[in-house]
Amino acid sequence: AAKIGQAIASVKGVQRIGVGSDGKNSSAIFKNLCACGIQSSGVFCYDFEEMYKSQAYFYSVYCSLDAFVFVSVNGDILNFSFLGKNGLPISSRNSRLINNNFRFSSFTFALERDCKDVYRMNLLSTVYKSALQKTLTANISGMSVSIECENNCLKELFEDFLQKNGCKDKKGLQFLVNEHGTNMYCIENEKFYSGAKIMSVICEIEAAAGNDLVIPEDAPAGIEKIAQKYGKKVTRIYENSKPYTDNESISIASYLWAFDSVFLCVKLLQIMSEAKMTLQQLCDLQEDFALRKSIIEFDCEPGEVRKKILASGAGKLSEDDVFFVFETRKGIVRMRQMGNSSRIRMLVEAADMETAKEIAVDVSGKFSLTD
């Protein structure tokens with residue numbers, strides 16, 4: 001863990017690094033070791049202590065960080081997640097430099113007098129809560145809203161937000177958020193609505209209001225068509241793909257709702273209150289669809305993956321030269337190679353999840369892959 005911190009801190013131009021963990025004792029220990037490695041390299045280290053993963057986007061933007069390391073534990077598996085400058089993915093160039101620094105122990109060591117203190121940033125959670133509140137400009141008092149989440153830190157924060165805004169703790173509208181705050185579902189009148197569907201609806205409302213969109217790479221494919229209808233621009237943020245050498249040209253500051261599910265929940269409450277519509281009424285404005293996400297691996301060298309997909313003749317490159325797009329009568333498939341690896345991220349959109357699964361199996365079969 002200390003070597004990971006040193007590897008990141010030894011990259012030229014990286015001067016401000018944030019660290020945080022999911023609050024488990026073991027992840028906190030490794031987070032502290034990572035912070036020690038950063039400190040030994042003489043750069044600034046900001047320790048946000050216990051948090052949930054999606055908060056890293058806000059902290060990175062608010063503190064203008066060059067990188068962020070989030071440590072979590074899932075059973076016996078220790079996970080390190082990384083962000084680059086201002087909450088964007090680490091650039092492909094910096095990713096290679098970090099890997100090489102780690103692999104060859106090529107680290108920068110600072111003299112003791114040049115080592116910076118590790119800044120404790122746990123009180124910044126108050127600023128995060130304030131930013132959530134500023135997102136909400138409508139009155140949601142009296143709305144029946146509740147949340148279910150395995151992460152007590154996230155659940156307590158959102159329940160406190162609902163209570164302060166006068167919401168009733170009833171199951172009129174129920175948010176189901178994963179422990180990292182990176183994905184969510186909603187239940188209204190015993191009907192499920194996916195985070196992808198909610199994001200699509202919000203994107204249409206934003207585009208109709210005259211706003212461009214900045215969204216994650218796995219957001220629904222139909223968002224481009226929605227934006228085109230209103231003459232607006234869509235920027236997708238790709239992981240392990242784009243160089244992002246000039247990060248200052250892209251900002252997610254106004255689009256945290258697209259990356260942090262807690263902000264997405266607040267954004268939805270804002271829209272429902274302003275429009276005086278239920279979630280079902282909002283979702284009925286668009287056709288239903290299901291989005292299936294998976295990661296599969298080609299049995300070949302990384303350099304052969306692109307050639308193999310092109311040789312199949314089944315797909316074509318997207319306009320941004322990142323995804324391979326397969327269009328069928330039943331739905332649409334997007335496949336993207338993940339960095340310099342044989343792994344593929346596959347996103348399938350169809351009218352329902354069963355059809356999406358069927359398409360995924362068909363496409364995987366074209367390359368003798370197991371989804």
# chains A, B, ... in the order shown; residues from 1 in each chain; ligands from 1
$ residues_around --residues "stretch 254-271 of chain A" --least-positions-apart "2" --cutoff "6 Å" --atoms "only C-alpha atoms" --output "list of chain:residue names"
A:Ser54, A:Leu136, A:Ala138, A:Gly181, A:Thr182, A:Asn183, A:Ile215, A:Ile252, A:Ser273, A:Glu274, A:Ala275
$ residues_around --residues "A:Arg343" --least-positions-apart "5" --cutoff "7 Å" --atoms "only C-alpha atoms" --output "short mmCIF file (atom, residue, chain, number, x, y, z; two decimals) with C-alpha atoms, in the first residue's frame"
data_model
loop_
_atom_site.label_atom_id
_atom_site.label_comp_id
_atom_site.auth_asym_id
_atom_site.auth_seq_id
_atom_site.Cartn_x
_atom_site.Cartn_y
_atom_site.Cartn_z
CA ILE A 295 -16.96 -7.28 -18.22
CA ILE A 296 -15.67 -10.14 -20.35
CA GLU A 297 -12.21 -11.24 -21.42
CA PHE A 298 -10.84 -12.20 -24.83
CA GLN A 337 -11.41 -2.50 -24.62
CA MET A 338 -10.30 -1.56 -21.11
#
$ closest_atom_pairs --of "stretch 24-72 of chain A" --to "stretch 105-120 of chain A" --cutoff "8 Å" --atoms "only C-alpha atoms" --output "Markdown table"
| residue | atom | partner | partner_atom | distance |
| --- | --- | --- | --- | --- |
| A:Ala35 | CA | A:Val118 | CA | 7.3 |
| A:Gln39 | CA | A:Cys115 | CA | 5.9 |
| A:Ser40 | CA | A:Phe109 | CA | 5.9 |
| A:Ser41 | CA | A:Phe109 | CA | 4.6 |
| A:Gly42 | CA | A:Cys115 | CA | 4.4 |
| A:Val43 | CA | A:Lys116 | CA | 6.5 |
| A:Phe44 | CA | A:Lys116 | CA | 6.0 |
| A:Cys45 | CA | A:Val118 | CA | 5.1 |
| A:Tyr46 | CA | A:Tyr119 | CA | 4.8 |
| A:Asp47 | CA | A:Arg120 | CA | 5.0 |
| A:Phe48 | CA | A:Arg120 | CA | 6.4 |
| A:Glu49 | CA | A:Arg120 | CA | 7.6 |
$ write_last_selection --atoms "N, CA and C atoms" --output "PDB file, in the first residue's frame"
ATOM      1  N   ALA A  35      -1.022   6.640   2.577  1.00  0.00           N
ATOM      2  CA  ALA A  35      -0.744   8.037   2.919  1.00  0.00           C
ATOM      3  C   ALA A  35       0.711   8.236   3.325  1.00  0.00           C
ATOM      4  N   GLN A  39       3.369  10.735   1.631  1.00  0.00           N
ATOM      5  CA  GLN A  39       4.091  11.706   2.457  1.00  0.00           C
ATOM      6  C   GLN A  39       5.604  11.608   2.253  1.00  0.00           C
ATOM      7  N   SER A  40       6.117  10.384   2.110  1.00  0.00           N
ATOM      8  CA  SER A  40       7.568  10.192   1.963  1.00  0.00           C
ATOM      9  C   SER A  40       8.102  10.778   0.660  1.00  0.00           C
ATOM     10  N   SER A  41       7.184  11.022  -0.300  1.00  0.00           N
ATOM     11  CA  SER A  41       7.609  11.574  -1.586  1.00  0.00           C
ATOM     12  C   SER A  41       7.583  13.100  -1.597  1.00  0.00           C
ATOM     13  N   GLY A  42       7.118  13.694  -0.505  1.00  0.00           N
ATOM     14  CA  GLY A  42       7.188  15.143  -0.389  1.00  0.00           C
ATOM     15  C   GLY A  42       6.034  15.914  -1.005  1.00  0.00           C
ATOM     16  N   VAL A  43       4.925  15.226  -1.368  1.00  0.00           N
ATOM     17  CA  VAL A  43       3.773  15.926  -1.928  1.00  0.00           C
ATOM     18  C   VAL A  43       2.679  16.038  -0.868  1.00  0.00           C
ATOM     19  N   PHE A  44       1.671  16.849  -1.150  1.00  0.00           N
ATOM     20  CA  PHE A  44       0.589  17.069  -0.192  1.00  0.00           C
ATOM     21  C   PHE A  44      -0.372  15.875  -0.190  1.00  0.00           C
ATOM     22  N   CYS A  45      -0.710  15.407   1.000  1.00  0.00           N
ATOM     23  CA  CYS A  45      -1.654  14.293   1.145  1.00  0.00           C
ATOM     24  C   CYS A  45      -2.819  14.735   2.020  1.00  0.00           C
ATOM     25  N   TYR A  46      -4.045  14.501   1.539  1.00  0.00           N
ATOM     26  CA  TYR A  46      -5.259  14.894   2.248  1.00  0.00           C
ATOM     27  C   TYR A  46      -6.040  13.632   2.603  1.00  0.00           C
ATOM     28  N   ASP A  47      -6.208  13.389   3.891  1.00  0.00           N
ATOM     29  CA  ASP A  47      -6.851  12.170   4.372  1.00  0.00           C
ATOM     30  C   ASP A  47      -8.314  12.464   4.724  1.00  0.00           C
ATOM     31  N   PHE A  48      -9.239  11.913   3.935  1.00  0.00           N
ATOM     32  CA  PHE A  48     -10.670  12.122   4.148  1.00  0.00           C
ATOM     33  C   PHE A  48     -11.272  11.041   5.044  1.00  0.00           C
ATOM     34  N   GLU A  49     -10.416  10.129   5.493  1.00  0.00           N
ATOM     35  CA  GLU A  49     -10.782   9.091   6.462  1.00  0.00           C
ATOM     36  C   GLU A  49     -11.983   8.276   5.979  1.00  0.00           C
TER      37      GLU A  49
END
$ select_by_dssp --residues "stretch 107-324 of chain A" --states "strand (DSSP E)" --output "PyMOL selection string"
chain A and resi 118-120+144-148+168-177+184-188+191-194+213-216+234-237+290-297+316-317+324
$ atom_distance --atom1 "atom CA of A:Ile98" --atom2 "atom CA of A:Val11"
6.8 Å
$ select_by_dssp --residues "stretch 35-92 of chain A" --states "helix (DSSP H, G or I)" --output "ChimeraX atom specification"
/A:35-40,55-62,85-87,92
$ write_last_selection --atoms "N, CA and C atoms" --output "PDB file, in the first residue's frame"
ATOM      1  N   ALA A  35      -1.022   6.640   2.577  1.00  0.00           N
ATOM      2  CA  ALA A  35      -0.744   8.037   2.919  1.00  0.00           C
ATOM      3  C   ALA A  35       0.711   8.236   3.325  1.00  0.00           C
ATOM      4  N   CYS A  36       1.266   7.262   4.029  1.00  0.00           N
ATOM      5  CA  CYS A  36       2.687   7.339   4.418  1.00  0.00           C
ATOM      6  C   CYS A  36       3.583   7.337   3.187  1.00  0.00           C
ATOM      7  N   GLY A  37       3.240   6.511   2.201  1.00  0.00           N
ATOM      8  CA  GLY A  37       4.020   6.469   0.967  1.00  0.00           C
ATOM      9  C   GLY A  37       3.969   7.791   0.229  1.00  0.00           C
ATOM     10  N   ILE A  38       2.790   8.402   0.212  1.00  0.00           N
ATOM     11  CA  ILE A  38       2.630   9.717  -0.434  1.00  0.00           C
ATOM     12  C   ILE A  38       3.455  10.758   0.304  1.00  0.00           C
ATOM     13  N   GLN A  39       3.369  10.735   1.631  1.00  0.00           N
ATOM     14  CA  GLN A  39       4.091  11.706   2.457  1.00  0.00           C
ATOM     15  C   GLN A  39       5.604  11.608   2.253  1.00  0.00           C
ATOM     16  N   SER A  40       6.117  10.384   2.110  1.00  0.00           N
ATOM     17  CA  SER A  40       7.568  10.192   1.963  1.00  0.00           C
ATOM     18  C   SER A  40       8.102  10.778   0.660  1.00  0.00           C
ATOM     19  N   GLN A  55     -18.061   9.787  -3.025  1.00  0.00           N
ATOM     20  CA  GLN A  55     -17.707  11.095  -2.474  1.00  0.00           C
ATOM     21  C   GLN A  55     -16.374  11.597  -3.026  1.00  0.00           C
ATOM     22  N   ALA A  56     -15.556  10.677  -3.520  1.00  0.00           N
ATOM     23  CA  ALA A  56     -14.241  11.066  -4.059  1.00  0.00           C
ATOM     24  C   ALA A  56     -14.380  12.055  -5.210  1.00  0.00           C
ATOM     25  N   TYR A  57     -15.482  11.977  -5.962  1.00  0.00           N
ATOM     26  CA  TYR A  57     -15.687  12.921  -7.062  1.00  0.00           C
ATOM     27  C   TYR A  57     -15.828  14.349  -6.518  1.00  0.00           C
ATOM     28  N   PHE A  58     -16.666  14.514  -5.501  1.00  0.00           N
ATOM     29  CA  PHE A  58     -16.866  15.847  -4.926  1.00  0.00           C
ATOM     30  C   PHE A  58     -15.577  16.368  -4.292  1.00  0.00           C
ATOM     31  N   TYR A  59     -14.924  15.532  -3.481  1.00  0.00           N
ATOM     32  CA  TYR A  59     -13.711  15.973  -2.797  1.00  0.00           C
ATOM     33  C   TYR A  59     -12.614  16.339  -3.800  1.00  0.00           C
ATOM     34  N   SER A  60     -12.511  15.579  -4.889  1.00  0.00           N
ATOM     35  CA  SER A  60     -11.490  15.858  -5.904  1.00  0.00           C
ATOM     36  C   SER A  60     -11.734  17.206  -6.573  1.00  0.00           C
ATOM     37  N   VAL A  61     -13.007  17.476  -6.879  1.00  0.00           N
ATOM     38  CA  VAL A  61     -13.361  18.749  -7.517  1.00  0.00           C
ATOM     39  C   VAL A  61     -13.191  19.906  -6.542  1.00  0.00           C
ATOM     40  N   TYR A  62     -13.734  19.745  -5.338  1.00  0.00           N
ATOM     41  CA  TYR A  62     -13.731  20.840  -4.369  1.00  0.00           C
ATOM     42  C   TYR A  62     -12.316  21.225  -3.949  1.00  0.00           C
ATOM     43  N   LYS A  85      -7.011  13.949 -12.039  1.00  0.00           N
ATOM     44  CA  LYS A  85      -7.172  15.369 -11.739  1.00  0.00           C
ATOM     45  C   LYS A  85      -8.642  15.778 -11.733  1.00  0.00           C
ATOM     46  N   ASN A  86      -9.053  16.442 -10.665  1.00  0.00           N
ATOM     47  CA  ASN A  86     -10.408  16.984 -10.529  1.00  0.00           C
ATOM     48  C   ASN A  86     -11.508  15.951 -10.749  1.00  0.00           C
ATOM     49  N   GLY A  87     -11.261  14.709 -10.307  1.00  0.00           N
ATOM     50  CA  GLY A  87     -12.292  13.682 -10.363  1.00  0.00           C
ATOM     51  C   GLY A  87     -12.399  12.933 -11.674  1.00  0.00           C
ATOM     52  N   SER A  92      -4.079   8.127 -19.394  1.00  0.00           N
ATOM     53  CA  SER A  92      -3.387   6.909 -19.817  1.00  0.00           C
ATOM     54  C   SER A  92      -1.878   7.049 -19.636  1.00  0.00           C
TER      55      SER A  92
END
$ residues_around --residues "A:Lys316" --least-positions-apart "3" --cutoff "7 Å" --atoms "only C-alpha atoms" --output "MDAnalysis selection string"
chainID A and resid 324:326
$ closest_residue --among "A:Ser342, A:Asp362, A:Phe161, A:Asn74" --to "A:Lys134" --atoms "only C-alpha atoms"
A:Phe161
$ residues_around --residues "A:Tyr185" --least-positions-apart "2" --cutoff "10 Å" --atoms "only C-alpha atoms" --output "list in words"
Gln174, Phe175, Leu176, Val177, Asn178, Asn183, Ile187, Phe192, Tyr193, Ser194, Gly195, Ala196, Lys197, Ile198, Ser261 and Cys265 of chain A
$ closest_residue --among "A:Val14, A:Ile8, A:Met51, A:Leu124" --to "A:Leu154" --atoms "only C-alpha atoms"
A:Met51
$ closest_residue --among "A:Ile17, A:Leu282, A:Ile4, A:Leu132" --to "A:Phe104" --atoms "only C-alpha atoms"
A:Ile4
$ closest_residue --among "A:Gly172, A:Gly75, A:Gly331, A:Gly142" --to "A:Glu188" --atoms "only C-alpha atoms"
A:Gly172
$ atom_distance --atom1 "atom CA of A:Thr278" --atom2 "atom CA of A:Lys191"
12.1 Å
$ residues_around --residues "A:Lys225" --least-positions-apart "6" --cutoff "12 Å" --atoms "only C-alpha atoms" --output "list in words"
Ser200, Cys203, Glu204, Ala207, Gly231, Lys232, Lys233 and Val234 of chain A
$ residues_around --residues "A:Leu347" --least-positions-apart "5" --cutoff "12 Å" --atoms "only C-alpha atoms" --output "JSON, numbers by chain"
{"A": [196, 217, 218, 219, 220, 221, 290, 291, 292, 293, 294, 295, 296, 323, 324, 325, 326, 327, 331, 332, 333, 334, 335, 336, 337, 353, 356, 357, 359, 360, 363, 364, 371]}
$ closest_residue --among "A:Gly210, A:Met277, A:Ser81, A:Asn100" --to "A:Lys3" --atoms "only C-alpha atoms"
A:Asn100
$ closest_residue --among "A:Leu173, A:Val361, A:Leu65, A:Ala208" --to "A:Tyr230" --atoms "only C-alpha atoms"
A:Ala208
$ decode --residues "stretch 138-180 of chain A" --atoms "C-alpha atoms" --output "PDB file, in the first residue's frame"
ATOM      1  CA  ALA A 138     -37.271  23.213  -4.417  1.00  0.00           C
ATOM      2  CA  ASN A 139     -39.457  22.428  -1.412  1.00  0.00           C
ATOM      3  CA  ILE A 140     -39.670  18.677  -0.760  1.00  0.00           C
ATOM      4  CA  SER A 141     -41.263  18.990   2.681  1.00  0.00           C
ATOM      5  CA  GLY A 142     -44.014  16.427   3.136  1.00  0.00           C
ATOM      6  CA  MET A 143     -42.716  14.005   0.486  1.00  0.00           C
ATOM      7  CA  SER A 144     -42.629  10.376   1.630  1.00  0.00           C
ATOM      8  CA  VAL A 145     -39.047   9.246   1.002  1.00  0.00           C
ATOM      9  CA  SER A 146     -36.794   6.588   2.502  1.00  0.00           C
ATOM     10  CA  ILE A 147     -33.412   5.016   1.733  1.00  0.00           C
ATOM     11  CA  GLU A 148     -31.926   1.553   2.059  1.00  0.00           C
ATOM     12  CA  CYS A 149     -28.147   1.124   1.964  1.00  0.00           C
ATOM     13  CA  GLU A 150     -25.660  -1.269   3.578  1.00  0.00           C
ATOM     14  CA  ASN A 151     -23.270   1.633   4.145  1.00  0.00           C
ATOM     15  CA  ASN A 152     -24.317   3.248   7.434  1.00  0.00           C
ATOM     16  CA  CYS A 153     -22.234   6.359   6.693  1.00  0.00           C
ATOM     17  CA  LEU A 154     -24.186   6.985   3.469  1.00  0.00           C
ATOM     18  CA  LYS A 155     -27.550   5.984   4.902  1.00  0.00           C
ATOM     19  CA  GLU A 156     -27.269   8.222   7.981  1.00  0.00           C
ATOM     20  CA  LEU A 157     -26.097  11.173   5.871  1.00  0.00           C
ATOM     21  CA  PHE A 158     -29.069  10.892   3.502  1.00  0.00           C
ATOM     22  CA  GLU A 159     -31.599  10.251   6.265  1.00  0.00           C
ATOM     23  CA  ASP A 160     -30.339  13.397   8.014  1.00  0.00           C
ATOM     24  CA  PHE A 161     -30.757  15.299   4.726  1.00  0.00           C
ATOM     25  CA  LEU A 162     -34.355  14.063   4.339  1.00  0.00           C
ATOM     26  CA  GLN A 163     -35.231  14.897   7.934  1.00  0.00           C
ATOM     27  CA  LYS A 164     -33.842  18.445   7.672  1.00  0.00           C
ATOM     28  CA  ASN A 165     -35.923  19.010   4.546  1.00  0.00           C
ATOM     29  CA  GLY A 166     -39.159  17.831   6.155  1.00  0.00           C
ATOM     30  CA  CYS A 167     -39.594  14.531   4.326  1.00  0.00           C
ATOM     31  CA  LYS A 168     -41.730  11.802   5.865  1.00  0.00           C
ATOM     32  CA  ASP A 169     -39.920   8.567   6.658  1.00  0.00           C
ATOM     33  CA  LYS A 170     -42.366   6.414   4.726  1.00  0.00           C
ATOM     34  CA  LYS A 171     -42.012   4.181   1.684  1.00  0.00           C
ATOM     35  CA  GLY A 172     -43.762   6.355  -0.850  1.00  0.00           C
ATOM     36  CA  LEU A 173     -40.502   6.671  -2.769  1.00  0.00           C
ATOM     37  CA  GLN A 174     -37.705   4.332  -1.747  1.00  0.00           C
ATOM     38  CA  PHE A 175     -34.083   4.720  -2.829  1.00  0.00           C
ATOM     39  CA  LEU A 176     -31.885   1.602  -2.917  1.00  0.00           C
ATOM     40  CA  VAL A 177     -28.229   2.672  -3.082  1.00  0.00           C
ATOM     41  CA  ASN A 178     -25.197   0.377  -3.204  1.00  0.00           C
ATOM     42  CA  GLU A 179     -22.565   0.654  -0.473  1.00  0.00           C
ATOM     43  CA  HIS A 180     -20.204   2.761  -2.605  1.00  0.00           C
TER      44      HIS A 180
END
